[in-house]
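The file my_file_7.tsv comes next; it holds TSV, C-alpha atoms.
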```tsv
chain	number	residue	atom	x	y	z
A	1497	MET	CA	-11.15	65.30	-7.05
A	1498	PRO	CA	-14.20	66.10	-9.20
A	1499	ARG	CA	-16.85	63.36	-9.07
A	1500	PRO	CA	-16.48	62.25	-12.74
A	1501	LEU	CA	-12.73	61.76	-12.20
A	1502	ARG	CA	-13.37	59.80	-8.95
A	1503	VAL	CA	-15.77	57.49	-10.81
A	1504	ILE	CA	-13.27	56.94	-13.61
A	1505	ALA	CA	-10.46	56.23	-11.11
A	1506	ALA	CA	-12.60	53.77	-9.16
A	1507	ALA	CA	-13.63	51.97	-12.33
A	1508	PHE	CA	-10.02	51.80	-13.48
A	1509	ALA	CA	-8.93	50.34	-10.12
A	1510	LEU	CA	-11.70	47.73	-10.25
A	1511	LEU	CA	-10.66	46.80	-13.78
A	1512	LEU	CA	-7.04	46.43	-12.64
A	1513	VAL	CA	-7.97	44.14	-9.72
A	1514	THR	CA	-10.19	42.01	-11.95
A	1515	ALA	CA	-7.47	41.67	-14.55
A	1516	CYS	CA	-4.87	40.70	-11.94
A	1517	ASN	CA	-7.15	38.10	-10.40
A	1518	SER	CA	-7.98	36.67	-13.81
A	1519	ALA	CA	-4.31	36.43	-14.73
A	1520	SER	CA	-3.36	34.79	-11.46
A	1521	ASN	CA	-6.00	32.09	-11.29
A	1522	GLY	CA	-6.53	31.30	-14.96
A	1523	GLY	CA	-10.26	31.20	-14.37
A	1524	SER	CA	-10.02	28.48	-11.66
A	1525	THR	CA	-11.02	28.87	-8.05
A	1526	PRO	CA	-7.98	30.00	-6.00
A	1527	SER	CA	-7.16	28.20	-2.75
A	1528	SER	CA	-5.48	29.19	0.48
A	1529	ALA	CA	-4.38	25.60	1.16
A	1530	ARG	CA	-0.70	24.73	1.38
A	1531	GLY	CA	0.50	23.21	-1.90
A	1532	VAL	CA	-2.59	24.22	-3.88
A	1533	THR	CA	-2.53	26.98	-6.47
A	1534	ALA	CA	-5.12	27.94	-9.04
A	1535	ASP	CA	-3.50	25.49	-11.46
A	1536	THR	CA	-1.65	22.82	-9.48
A	1537	ILE	CA	-1.77	20.44	-6.50
A	1538	LYS	CA	1.64	19.59	-5.08
A	1539	VAL	CA	2.08	15.99	-3.87
A	1540	GLY	CA	5.08	13.99	-2.64
A	1541	GLY	CA	5.75	10.47	-1.45
A	1542	ILE	CA	7.77	8.53	1.14
A	1543	VAL	CA	9.02	5.08	0.12
A	1544	SER	CA	11.68	2.62	1.33
A	1545	MET	CA	13.76	2.55	-1.83
A	1546	THR	CA	16.93	1.30	-0.18
A	1547	THR	CA	17.26	-0.98	2.85
A	1548	ALA	CA	20.01	-2.78	4.73
A	1549	SER	CA	18.71	-6.17	3.51
A	1550	GLY	CA	18.54	-5.07	-0.12
A	1551	TYR	CA	14.73	-5.19	-0.17
A	1552	SER	CA	13.31	-2.26	-2.13
A	1553	LYS	CA	9.89	-0.72	-2.70
A	1554	LYS	CA	11.23	1.73	-5.32
A	1555	ASP	CA	8.63	0.82	-7.93
A	1556	THR	CA	5.98	2.28	-5.61
A	1557	ASP	CA	7.14	5.62	-6.99
A	1558	LEU	CA	6.65	4.49	-10.60
A	1559	GLY	CA	3.13	3.28	-9.82
A	1560	ALA	CA	2.16	6.61	-8.28
A	1561	ARG	CA	3.72	8.57	-11.13
A	1562	ALA	CA	1.79	6.48	-13.67
A	1563	ARG	CA	-1.54	7.29	-12.03
A	1564	TYR	CA	-0.77	11.00	-11.64
A	1565	GLU	CA	0.36	11.27	-15.25
A	1566	ARG	CA	-2.93	9.80	-16.46
A	1567	ALA	CA	-4.86	12.23	-14.23
A	1568	ASN	CA	-2.96	15.14	-15.78
A	1569	ALA	CA	-3.49	13.80	-19.31
A	1570	GLU	CA	-7.24	13.74	-18.60
A	1571	GLY	CA	-7.26	17.40	-17.55
A	1572	GLY	CA	-6.19	17.17	-13.93
A	1573	ILE	CA	-8.40	17.27	-10.86
A	1574	ASN	CA	-11.12	19.89	-11.22
A	1575	GLY	CA	-8.84	21.84	-13.56
A	1576	ARG	CA	-5.65	21.50	-11.51
A	1577	ARG	CA	-2.75	19.34	-12.63
A	1578	ILE	CA	-0.87	17.18	-10.13
A	1579	GLU	CA	2.68	18.37	-9.48
A	1580	TYR	CA	4.19	15.10	-8.24
A	1581	LEU	CA	7.61	15.64	-6.67
A	1582	GLY	CA	8.45	11.94	-6.51
A	1583	ALA	CA	9.15	9.92	-3.39
A	1584	GLU	CA	11.65	10.53	-0.61
A	1585	ASP	CA	13.69	7.45	0.36
A	1586	ASP	CA	13.40	6.71	4.10
A	1587	GLY	CA	15.81	3.75	3.94
A	1588	GLN	CA	13.36	1.91	6.20
A	1589	ASP	CA	14.74	4.07	9.02
A	1590	PRO	CA	12.34	5.79	11.49
A	1591	ALA	CA	14.49	8.93	11.77
A	1592	ARG	CA	14.68	9.29	7.99
A	1593	ASN	CA	10.95	8.68	7.69
A	1594	LEU	CA	10.22	11.58	10.02
A	1595	ALA	CA	12.82	13.75	8.29
A	1596	ALA	CA	11.21	13.01	4.91
A	1597	ALA	CA	7.78	13.99	6.24
A	1598	ARG	CA	9.16	17.25	7.64
A	1599	LYS	CA	10.94	18.07	4.37
A	1600	LEU	CA	7.87	17.48	2.24
A	1601	VAL	CA	5.71	19.72	4.44
A	1602	GLN	CA	8.05	22.43	5.67
A	1603	GLN	CA	10.36	22.78	2.68
A	1604	ASP	CA	8.45	21.48	-0.33
A	1605	LYS	CA	5.04	22.69	0.93
A	1606	VAL	CA	3.05	19.71	-0.36
A	1607	PHE	CA	-0.70	19.46	0.01
A	1608	ALA	CA	-0.59	15.67	0.37
A	1609	VAL	CA	1.76	12.70	0.81
A	1610	SER	CA	0.77	9.84	-1.46
A	1611	PRO	CA	2.21	7.21	-1.56
A	1612	MET	CA	3.68	6.35	1.85
A	1613	SER	CA	5.04	2.80	1.86
A	1614	SER	CA	7.49	1.57	4.50
A	1615	VAL	CA	7.65	-0.75	7.49
A	1616	THR	CA	8.14	2.33	9.65
A	1617	PHE	CA	5.97	5.45	9.89
A	1618	ALA	CA	7.65	7.71	12.43
A	1619	GLY	CA	6.32	10.71	10.52
A	1620	ALA	CA	2.69	9.75	11.05
A	1621	ASP	CA	1.99	11.96	14.08
A	1622	PHE	CA	3.68	14.93	12.41
A	1623	LEU	CA	1.71	14.56	9.17
A	1624	ASP	CA	-1.57	14.15	11.01
A	1625	ALA	CA	-0.86	17.16	13.26
A	1626	GLN	CA	0.02	19.25	10.19
A	1627	LYS	CA	-3.26	18.13	8.57
A	1628	VAL	CA	-1.56	16.59	5.55
A	1629	PRO	CA	-3.77	14.08	3.68
A	1630	THR	CA	-1.59	10.96	3.48
A	1631	VAL	CA	-2.36	7.74	1.59
A	1632	GLY	CA	-0.35	4.54	1.69
A	1633	TRP	CA	-0.34	0.84	2.37
A	1634	GLY	CA	-2.33	0.40	5.59
A	1635	THR	CA	-0.09	-2.27	7.07
A	1636	LEU	CA	0.83	-0.02	10.01
A	1637	PRO	CA	-1.34	1.05	12.98
A	1638	SER	CA	-0.91	4.71	12.02
A	1639	PHE	CA	-3.27	4.23	9.08
A	1640	CYS	CA	-6.04	3.06	11.39
A	1641	GLY	CA	-7.74	6.00	13.06
A	1642	PRO	CA	-5.82	9.28	12.59
A	1643	ALA	CA	-7.98	11.81	10.79
A	1644	HIS	CA	-5.72	12.60	7.84
A	1645	LEU	CA	-4.12	9.19	7.14
A	1646	TYR	CA	-5.71	6.67	4.74
A	1647	GLY	CA	-4.85	3.10	3.70
A	1648	PHE	CA	-5.43	2.58	-0.01
A	1649	ASN	CA	-7.18	-0.69	0.80
A	1650	GLY	CA	-8.29	0.29	4.28
A	1651	CYS	CA	-6.88	-0.47	7.70
A	1652	LEU	CA	-4.99	-3.77	7.65
A	1653	VAL	CA	-3.96	-3.56	11.30
A	1654	PRO	CA	-7.11	-4.16	13.32
A	1655	THR	CA	-7.81	-2.12	16.42
A	1656	PRO	CA	-10.18	-2.86	19.32
A	1657	GLY	CA	-13.68	-2.52	18.00
A	1658	GLY	CA	-12.45	-3.07	14.44
A	1659	THR	CA	-12.42	-6.13	12.22
A	1660	LEU	CA	-9.96	-8.66	10.84
A	1661	ASN	CA	-9.42	-9.35	7.13
A	1662	GLN	CA	-9.87	-13.08	6.41
A	1663	THR	CA	-8.43	-13.19	2.88
A	1664	TRP	CA	-5.29	-15.12	3.84
A	1665	PRO	CA	-6.76	-17.87	6.05
A	1666	GLU	CA	-9.82	-18.36	3.85
A	1667	GLY	CA	-7.65	-18.46	0.74
A	1668	LEU	CA	-5.32	-21.09	2.21
A	1669	ALA	CA	-8.33	-23.08	3.38
A	1670	THR	CA	-9.42	-23.19	-0.27
A	1671	VAL	CA	-5.96	-24.37	-1.34
A	1672	LEU	CA	-5.95	-27.13	1.30
A	1673	GLY	CA	-9.49	-28.28	0.62
A	1674	GLY	CA	-10.79	-26.85	3.89
A	1675	ALA	CA	-9.32	-25.78	7.22
A	1676	ARG	CA	-10.88	-28.52	9.34
A	1677	GLY	CA	-8.17	-30.78	10.75
A	1678	LYS	CA	-5.40	-28.68	9.16
A	1679	SER	CA	-2.52	-27.08	11.08
A	1680	VAL	CA	-0.54	-23.93	10.31
A	1681	ALA	CA	2.75	-22.45	11.55
A	1682	LEU	CA	3.16	-18.66	11.63
A	1683	ILE	CA	6.57	-16.99	11.80
A	1684	ALA	CA	7.59	-13.31	11.81
A	1685	GLY	CA	10.40	-10.93	12.65
A	1686	ASP	CA	11.16	-9.92	16.22
A	1687	ASN	CA	9.79	-6.38	16.00
A	1688	ASP	CA	6.53	-4.60	16.79
A	1689	ALA	CA	5.06	-5.24	13.34
A	1690	GLY	CA	5.97	-8.92	13.52
A	1691	LYS	CA	4.53	-9.39	16.99
A	1692	PHE	CA	1.30	-7.67	16.04
A	1693	GLY	CA	1.12	-9.71	12.84
A	1694	ILE	CA	1.46	-12.94	14.77
A	1695	ARG	CA	-1.29	-11.87	17.14
A	1696	THR	CA	-3.75	-10.92	14.41
A	1697	PHE	CA	-3.09	-13.84	12.06
A	1698	THR	CA	-3.30	-16.30	14.94
A	1699	GLN	CA	-6.83	-15.09	15.59
A	1700	GLY	CA	-7.71	-15.10	11.90
A	1701	PHE	CA	-6.48	-18.62	11.18
A	1702	LYS	CA	-8.18	-20.00	14.28
A	1703	ALA	CA	-11.44	-18.31	13.26
A	1704	ALA	CA	-11.18	-19.96	9.83
A	1705	GLY	CA	-10.94	-23.38	11.50
A	1706	PHE	CA	-7.18	-24.01	11.47
A	1707	GLN	CA	-5.15	-25.37	14.35
A	1708	VAL	CA	-2.34	-22.86	14.93
A	1709	ALA	CA	0.55	-25.16	15.81
A	1710	TYR	CA	3.29	-22.52	15.95
A	1711	ALA	CA	3.11	-18.73	16.15
A	1712	LYS	CA	6.27	-16.79	16.98
A	1713	ALA	CA	7.89	-13.45	16.13
A	1714	VAL	CA	11.44	-14.61	16.76
A	1715	VAL	CA	13.57	-13.89	13.68
A	1716	PRO	CA	16.05	-11.01	14.28
A	1717	ALA	CA	14.67	-7.99	12.47
A	1718	THR	CA	18.00	-6.22	12.04
A	1719	SER	CA	20.26	-9.08	10.95
A	1720	MET	CA	19.11	-11.88	8.67
A	1721	PRO	CA	20.09	-15.36	9.95
A	1722	SER	CA	22.75	-17.23	8.02
A	1723	ASP	CA	21.55	-20.51	9.52
A	1724	TRP	CA	17.81	-21.20	9.59
A	1725	SER	CA	18.00	-24.71	11.04
A	1726	ALA	CA	16.93	-23.68	14.56
A	1727	TYR	CA	13.71	-22.21	13.17
A	1728	THR	CA	12.94	-24.97	10.69
A	1729	LYS	CA	13.47	-27.77	13.23
A	1730	GLU	CA	11.02	-26.18	15.65
A	1731	ILE	CA	8.46	-25.52	12.91
A	1732	LEU	CA	8.68	-29.03	11.44
A	1733	ARG	CA	8.00	-30.60	14.85
A	1734	SER	CA	5.12	-28.29	15.75
A	1735	GLY	CA	2.29	-30.12	13.97
A	1736	PRO	CA	-0.01	-32.83	15.36
A	1737	GLY	CA	1.94	-35.70	16.88
A	1738	GLY	CA	5.22	-33.83	16.54
A	1739	GLY	CA	5.03	-33.82	12.75
A	1740	ALA	CA	5.11	-31.03	10.18
A	1741	PRO	CA	2.20	-28.56	9.92
A	1742	ASP	CA	0.08	-28.49	6.79
A	1743	ALA	CA	1.08	-24.92	6.00
A	1744	VAL	CA	3.90	-22.52	6.92
A	1745	VAL	CA	3.02	-18.82	6.75
A	1746	SER	CA	5.80	-16.23	6.81
A	1747	VAL	CA	5.02	-12.62	7.72
A	1748	MET	CA	8.45	-11.39	6.57
A	1749	GLN	CA	10.12	-9.64	3.64
A	1750	THR	CA	11.65	-11.31	0.60
A	1751	PRO	CA	15.30	-11.84	1.67
A	1752	TYR	CA	14.12	-13.54	4.88
A	1753	ASN	CA	11.56	-15.62	3.02
A	1754	ILE	CA	14.16	-16.89	0.55
A	1755	GLY	CA	16.37	-18.09	3.42
A	1756	LEU	CA	13.51	-19.69	5.36
A	1757	PHE	CA	11.85	-21.36	2.36
A	1758	THR	CA	15.14	-22.74	1.05
A	1759	ALA	CA	15.85	-24.28	4.47
A	1760	LEU	CA	12.34	-25.76	4.69
A	1761	LYS	CA	12.62	-27.39	1.28
A	1762	ARG	CA	16.07	-28.79	2.05
A	1763	SER	CA	14.58	-30.33	5.18
A	1764	GLY	CA	12.08	-32.16	3.00
A	1765	TYR	CA	8.99	-30.09	3.81
A	1766	LYS	CA	6.15	-30.85	1.36
A	1767	GLY	CA	3.34	-28.70	2.78
A	1768	VAL	CA	1.97	-25.36	1.63
A	1769	ILE	CA	4.23	-22.31	2.02
A	1770	SER	CA	2.81	-18.79	1.89
A	1771	ASP	CA	3.84	-15.14	2.34
A	1772	PRO	CA	2.47	-11.66	1.56
A	1773	THR	CA	5.40	-10.08	-0.32
A	1774	ASP	CA	6.90	-12.22	-3.09
A	1775	TYR	CA	4.74	-11.35	-6.08
A	1776	ASP	CA	7.46	-9.91	-8.28
A	1777	PRO	CA	8.64	-11.33	-11.63
A	1778	GLY	CA	11.94	-9.51	-11.06
A	1779	LEU	CA	12.71	-12.00	-8.29
A	1780	LEU	CA	12.83	-14.82	-10.81
A	1781	ALA	CA	16.00	-13.62	-12.52
A	1782	LYS	CA	18.18	-15.66	-10.16
A	1783	ASP	CA	17.85	-19.45	-10.19
A	1784	ALA	CA	18.33	-19.78	-6.41
A	1785	THR	CA	15.56	-17.28	-5.74
A	1786	LYS	CA	13.25	-18.89	-8.29
A	1787	GLN	CA	13.80	-22.31	-6.69
A	1788	ALA	CA	13.20	-20.96	-3.18
A	1789	LEU	CA	9.89	-19.36	-4.21
A	1790	ASP	CA	8.67	-22.13	-6.51
A	1791	GLY	CA	5.30	-23.40	-5.29
A	1792	VAL	CA	4.87	-20.56	-2.77
A	1793	HIS	CA	1.37	-19.10	-2.45
A	1794	VAL	CA	1.53	-15.30	-2.21
A	1795	LEU	CA	-1.26	-13.24	-0.65
A	1796	LEU	CA	-2.48	-10.29	-2.73
A	1797	GLN	CA	-4.91	-7.64	-1.62
A	1798	PHE	CA	-5.63	-6.48	-5.15
A	1799	GLN	CA	-6.58	-8.07	-8.45
A	1800	PRO	CA	-3.76	-10.29	-9.79
A	1801	PHE	CA	-1.89	-8.99	-12.82
A	1802	GLU	CA	-3.08	-12.13	-14.61
A	1803	SER	CA	-6.66	-10.78	-14.45
A	1804	ASP	CA	-8.23	-9.44	-17.64
A	1805	THR	CA	-10.52	-6.67	-16.40
A	1806	PRO	CA	-10.90	-3.09	-17.69
A	1807	ALA	CA	-9.26	-1.74	-14.51
A	1808	MET	CA	-6.26	-4.08	-14.87
A	1809	ARG	CA	-5.85	-3.26	-18.56
A	1810	GLN	CA	-5.86	0.45	-17.67
A	1811	PHE	CA	-3.26	-0.11	-14.95
A	1812	LYS	CA	-0.94	-1.94	-17.34
A	1813	ALA	CA	-1.32	0.76	-20.00
A	1814	ASP	CA	-0.57	3.51	-17.47
A	1815	ILE	CA	2.54	1.72	-16.16
A	1816	ARG	CA	3.81	1.11	-19.69
A	1817	LYS	CA	3.38	4.78	-20.59
A	1818	ALA	CA	5.10	6.00	-17.40
A	1819	ALA	CA	7.98	3.60	-18.08
A	1820	GLY	CA	8.64	5.24	-21.43
A	1821	GLY	CA	6.61	2.81	-23.49
A	1822	LYS	CA	8.47	-0.25	-22.23
A	1823	ASP	CA	6.84	-3.44	-20.95
A	1824	VAL	CA	8.46	-3.55	-17.51
A	1825	PRO	CA	7.89	-6.51	-15.14
A	1826	LEU	CA	4.94	-5.68	-12.92
A	1827	ASN	CA	5.13	-5.99	-9.13
A	1828	MET	CA	3.00	-5.30	-6.08
A	1829	HIS	CA	4.93	-2.11	-5.22
A	1830	MET	CA	3.74	-0.52	-8.45
A	1831	MET	CA	0.20	-1.37	-7.41
A	1832	THR	CA	0.78	0.14	-3.95
A	1833	GLY	CA	1.84	3.45	-5.46
A	1834	TYR	CA	-0.83	3.40	-8.14
A	1835	MET	CA	-3.74	2.71	-5.81
A	1836	SER	CA	-2.47	5.15	-3.16
A	1837	ALA	CA	-2.49	7.85	-5.83
A	1838	ASP	CA	-5.86	6.66	-7.11
A	1839	LEU	CA	-7.57	6.97	-3.71
A	1840	PHE	CA	-6.11	10.44	-3.18
A	1841	LEU	CA	-7.25	11.58	-6.64
A	1842	SER	CA	-10.74	10.15	-6.19
A	1843	ILE	CA	-11.31	11.95	-2.90
A	1844	ALA	CA	-9.73	15.19	-4.16
A	1845	LYS	CA	-12.03	15.15	-7.20
A	1846	LYS	CA	-15.06	14.78	-4.95
A	1847	ALA	CA	-13.83	17.74	-2.85
A	1848	GLY	CA	-14.53	20.07	-5.77
A	1849	GLU	CA	-12.81	23.19	-7.08
A	1850	ASP	CA	-12.30	24.75	-3.65
A	1851	LEU	CA	-9.67	22.22	-2.55
A	1852	THR	CA	-8.61	22.66	1.05
A	1853	VAL	CA	-7.79	20.17	3.80
A	1854	GLU	CA	-11.27	20.78	5.18
A	1855	SER	CA	-13.01	20.12	1.86
A	1856	PHE	CA	-10.84	17.02	1.31
A	1857	GLN	CA	-11.76	15.66	4.74
A	1858	LYS	CA	-15.44	16.39	4.16
A	1859	ALA	CA	-15.29	14.56	0.82
A	1860	ALA	CA	-13.56	11.59	2.44
A	1861	ASP	CA	-16.25	11.31	5.09
A	1862	GLY	CA	-18.85	9.36	3.17
A	1863	PHE	CA	-16.69	8.54	0.13
A	1864	SER	CA	-17.34	5.24	-1.62
A	1865	ASP	CA	-16.87	3.62	-5.01
A	1866	THR	CA	-16.96	0.13	-6.48
A	1867	GLY	CA	-15.13	-2.19	-8.83
A	1868	THR	CA	-11.60	-0.91	-8.23
A	1869	LEU	CA	-8.43	-3.01	-8.27
A	1870	VAL	CA	-8.81	-3.41	-4.48
A	1871	GLY	CA	-12.56	-4.03	-4.55
A	1872	ASP	CA	-15.22	-1.70	-3.15
A	1873	ARG	CA	-13.81	1.26	-1.20
A	1874	ALA	CA	-15.50	3.25	1.54
A	1875	GLU	CA	-14.58	5.87	4.13
A	1876	PRO	CA	-14.60	6.18	7.08
A	1877	LYS	CA	-14.91	2.37	7.03
A	1878	GLY	CA	-11.27	2.24	5.89
A	1879	LYS	CA	-10.17	3.83	9.16
A	1880	LYS	CA	-11.13	0.70	11.12
A	1881	GLU	CA	-11.12	-2.21	8.69
A	1882	SER	CA	-9.77	-3.34	5.35
A	1883	PHE	CA	-11.89	-3.50	2.24
A	1884	GLY	CA	-11.81	-7.28	2.70
A	1885	CYS	CA	-10.75	-8.48	-0.74
A	1886	GLY	CA	-7.80	-10.45	-2.05
A	1887	ALA	CA	-6.40	-13.38	-3.98
A	1888	LEU	CA	-3.64	-15.98	-3.82
A	1889	VAL	CA	-1.17	-16.54	-6.64
A	1890	ARG	CA	1.28	-19.42	-6.88
A	1891	LEU	CA	4.68	-19.50	-8.54
A	1892	LYS	CA	4.92	-22.59	-10.75
A	1893	ASN	CA	7.67	-23.38	-13.24
A	1894	GLY	CA	8.90	-19.80	-13.23
A	1895	ARG	CA	5.47	-18.22	-13.76
A	1896	TYR	CA	2.76	-16.90	-11.47
A	1897	GLU	CA	-0.70	-18.39	-11.75
A	1898	VAL	CA	-3.91	-17.55	-9.92
A	1899	ALA	CA	-4.48	-20.16	-7.20
A	1900	VAL	CA	-7.49	-18.48	-5.55
A	1901	PRO	CA	-9.32	-15.79	-7.58
A	1902	PHE	CA	-9.84	-12.25	-6.29
A	1903	THR	CA	-12.63	-12.56	-3.74
A	1904	CYS	CA	-14.12	-10.41	-0.99
A	1905	TYR	CA	-14.56	-12.17	2.36
A	1906	PRO	CA	-16.67	-11.00	5.29
A	1907	PRO	CA	-14.42	-9.70	8.09
A	1908	ILE	CA	-14.52	-10.99	11.65
A	1909	PRO	CA	-14.51	-8.91	14.85
A	1910	PHE	CA	-11.03	-8.30	16.21
A	1911	GLY	CA	-10.47	-8.90	19.88
```
Here is a file; write its structure as structure tokens.
Amino acid sequence: MPRPLRVIAAAFALLLVTACNSASNGGSTPSSARGVTADTIKVGGIVSMTTASGYSKKDTDLGARARYERANAEGGINGRRIEYLGAEDDGQDPARNLAAARKLVQQDKVFAVSPMSSVTFAGADFLDAQKVPTVGWGTLPSFCGPAHLYGFNGCLVPTPGGTLNQTWPEGLATVLGGARGKSVALIAGDNDAGKFGIRTFTQGFKAAGFQVAYAKAVVPATSMPSDWSAYTKEILRSGPGGGAPDAVVSVMQTPYNIGLFTALKRSGYKGVISDPTDYDPGLLAKDATKQALDGVHVLLQFQPFESDTPAMRQFKADIRKAAGGKDVPLNMHMMTGYMSADLFLSIAKKAGEDLTVESFQKAADGFSDTGTLVGDRAEPKGKKESFGCGALVRLKNGRYEVAVPFTCYPPIPFG
């Protein structure tokens, strides 16, 4: 081929390649990462939407969707919109949890799993091995240590060398006018999570100055008791001199709490009752449930919905928009999904236009921000300890009120 023709052909080929590249990436930086195109980032979730006891975390999905929709409305993350597939329902079943993780990675080809909220996380090892950034509620040991798994408010399950969040014991000490001379009874389900919870909270309440009069993980985890008298009798005789303790703390889910608290009240118990799950206006629709939870102090590890801060106003606006413009009752599951999505988005934004697992991990290592709905966040701190903040709300006359404002407490060494 004559030289002029070769030059023209080469120039034409270069022009063709350039045009194809421009059409395919829309001007954004392409990525070789699974689930990342020039224009989108594919994300899915895993949530216990249905359970044998009727307890549901389904609104976790709405919370995540609300946060992703706002991110897209603001132009996406470094020019890429979030393609949120919604959450898979694991039914609170380990086998289904693992199956959901496999589906999201192998079939749906997601870049990340956020949110992940369940009492089981059988898919943790698989997601970490597949290098899938995963963000959820760090109430399980899997969120404490593995490279690719993150708790939206840090690691809530302390590990050797880590620390213990003191929000609950310090908050109840405030309610009781101090921990000195006060006794507490701790009760949980007979499963690994319950046993570990009893161990950690026993240490935390003792460190705050309480006498731990009762601490047992004895309630059947697979079948809710129809008769709570055996548990209440033992609890009500566990305090000093064989009397009732000053506070009863339940580390269980709502249906169990309703049964236990109803039995305690019928037995005449007048002390403080507390749990970490029953902050949900939807629970107040039934009179029996409302009566069982009346007066109960609920632990929160985020700003209460009753707060009037810019971050809380933004959260409420985002939820309302995602719910089709309706004012839906807010609950802690929405916050779990919302803040899981928020942490993922914040780290992904810091990773820059060239979003890969490696760039995400590099951005996470040294990530920090302040003033969020869960307080000040930092990584890799969140791999070993929680972000240390929380509040207590109390149900009174059918309405929640802030009993102890959102506060950050110094953690204690776990051992």
Using all atoms listed in the file, which residues of range 1750-1770 of chain A come within 10 Å of range 1667-1690 of chain A, and what is the closest atom pair for each, with the distance in Å to one decimal? Give it as a tab-separated table, sorted by chain and residue number.
```
residue	atom	partner	partner_atom	distance
A:Tyr1752	CA	A:Gly1685	CA	9.0
A:Asn1753	CA	A:Ala1684	CA	9.9
A:Leu1756	CA	A:Ile1683	CA	9.8
A:Gly1767	CA	A:Leu1672	CA	9.5
A:Val1768	CA	A:Leu1672	CA	8.1
A:Ile1769	CA	A:Leu1668	CA	9.6
A:Ser1770	CA	A:Leu1668	CA	8.5
```
Sorted by chain and rising residue number, list the residues of range 1594-1629 of chain A at most 12 Å from range 1856-1863 of chain A (counting all atoms listed in the file), each with its closest atom pair and distance in Å to one decimal, as JSON lines.
```
{"residue": "A:Phe1607", "atom": "CA", "partner": "A:Phe1856", "partner_atom": "CA", "distance": 10.5}
{"residue": "A:Ala1608", "atom": "CA", "partner": "A:Phe1856", "partner_atom": "CA", "distance": 10.4}
{"residue": "A:Lys1627", "atom": "CA", "partner": "A:Gln1857", "partner_atom": "CA", "distance": 9.6}
{"residue": "A:Val1628", "atom": "CA", "partner": "A:Phe1856", "partner_atom": "CA", "distance": 10.2}
{"residue": "A:Pro1629", "atom": "CA", "partner": "A:Phe1856", "partner_atom": "CA", "distance": 8.0}
```
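For the choices A:Gly1641, A:Pro1721, A:Gly1833, A:Gly1531, the atom-to-atom distance to Ser1544 in chain A is smallest for A:Gly1833 when using only C-alpha atoms.
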- Message: as a ChimeraX atom specification, please: the residues near Ser1882 in chain A (cut-off 10 Å, only C-alpha atoms, same-chain neighbours under 2 positions excluded).
- Response: /A:1634-1635,1640,1647-1654,1658-1662,1797,1870,1873-1874,1877-1880,1884-1885,1907
- Pairwise distance for CA of Ser1722 in chain A and CA of Val1745 in chain A, rounded to one decimal in Å: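 It comes out at 19.8 Å.
Shortest atom-to-atom contact with Thr1546 in chain A among A:Arg1592, A:Lys1846, A:Arg1598, A:Lys1782: A:Arg1592, counting all atoms listed in the file.
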- Task: For Asn1574 in chain A, list every protein, DNA or RNA residue within 8 Å, evaluated using all atoms listed in the file, and leave out those in the same chain fewer than 5 positions away; present the list as a PyMOL selection string.
- Result: chain A and resi 1845+1848-1849
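Of note, CA of Phe1701 in chain A and CA of Val1792 in chain A are spaced 18.1 Å apart.
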- Message: What's around range 1548-1556 of chain A at 8 Å? Count all atoms listed in the file, leave out sequence neighbours fewer than 2 positions away in its own chain, and write the answer as an MDAnalysis selection string.
- Response: chainID A and resid 1543:1546 1558:1560 1587 1611 1613:1614 1720 1749:1751 1827 1829:1834
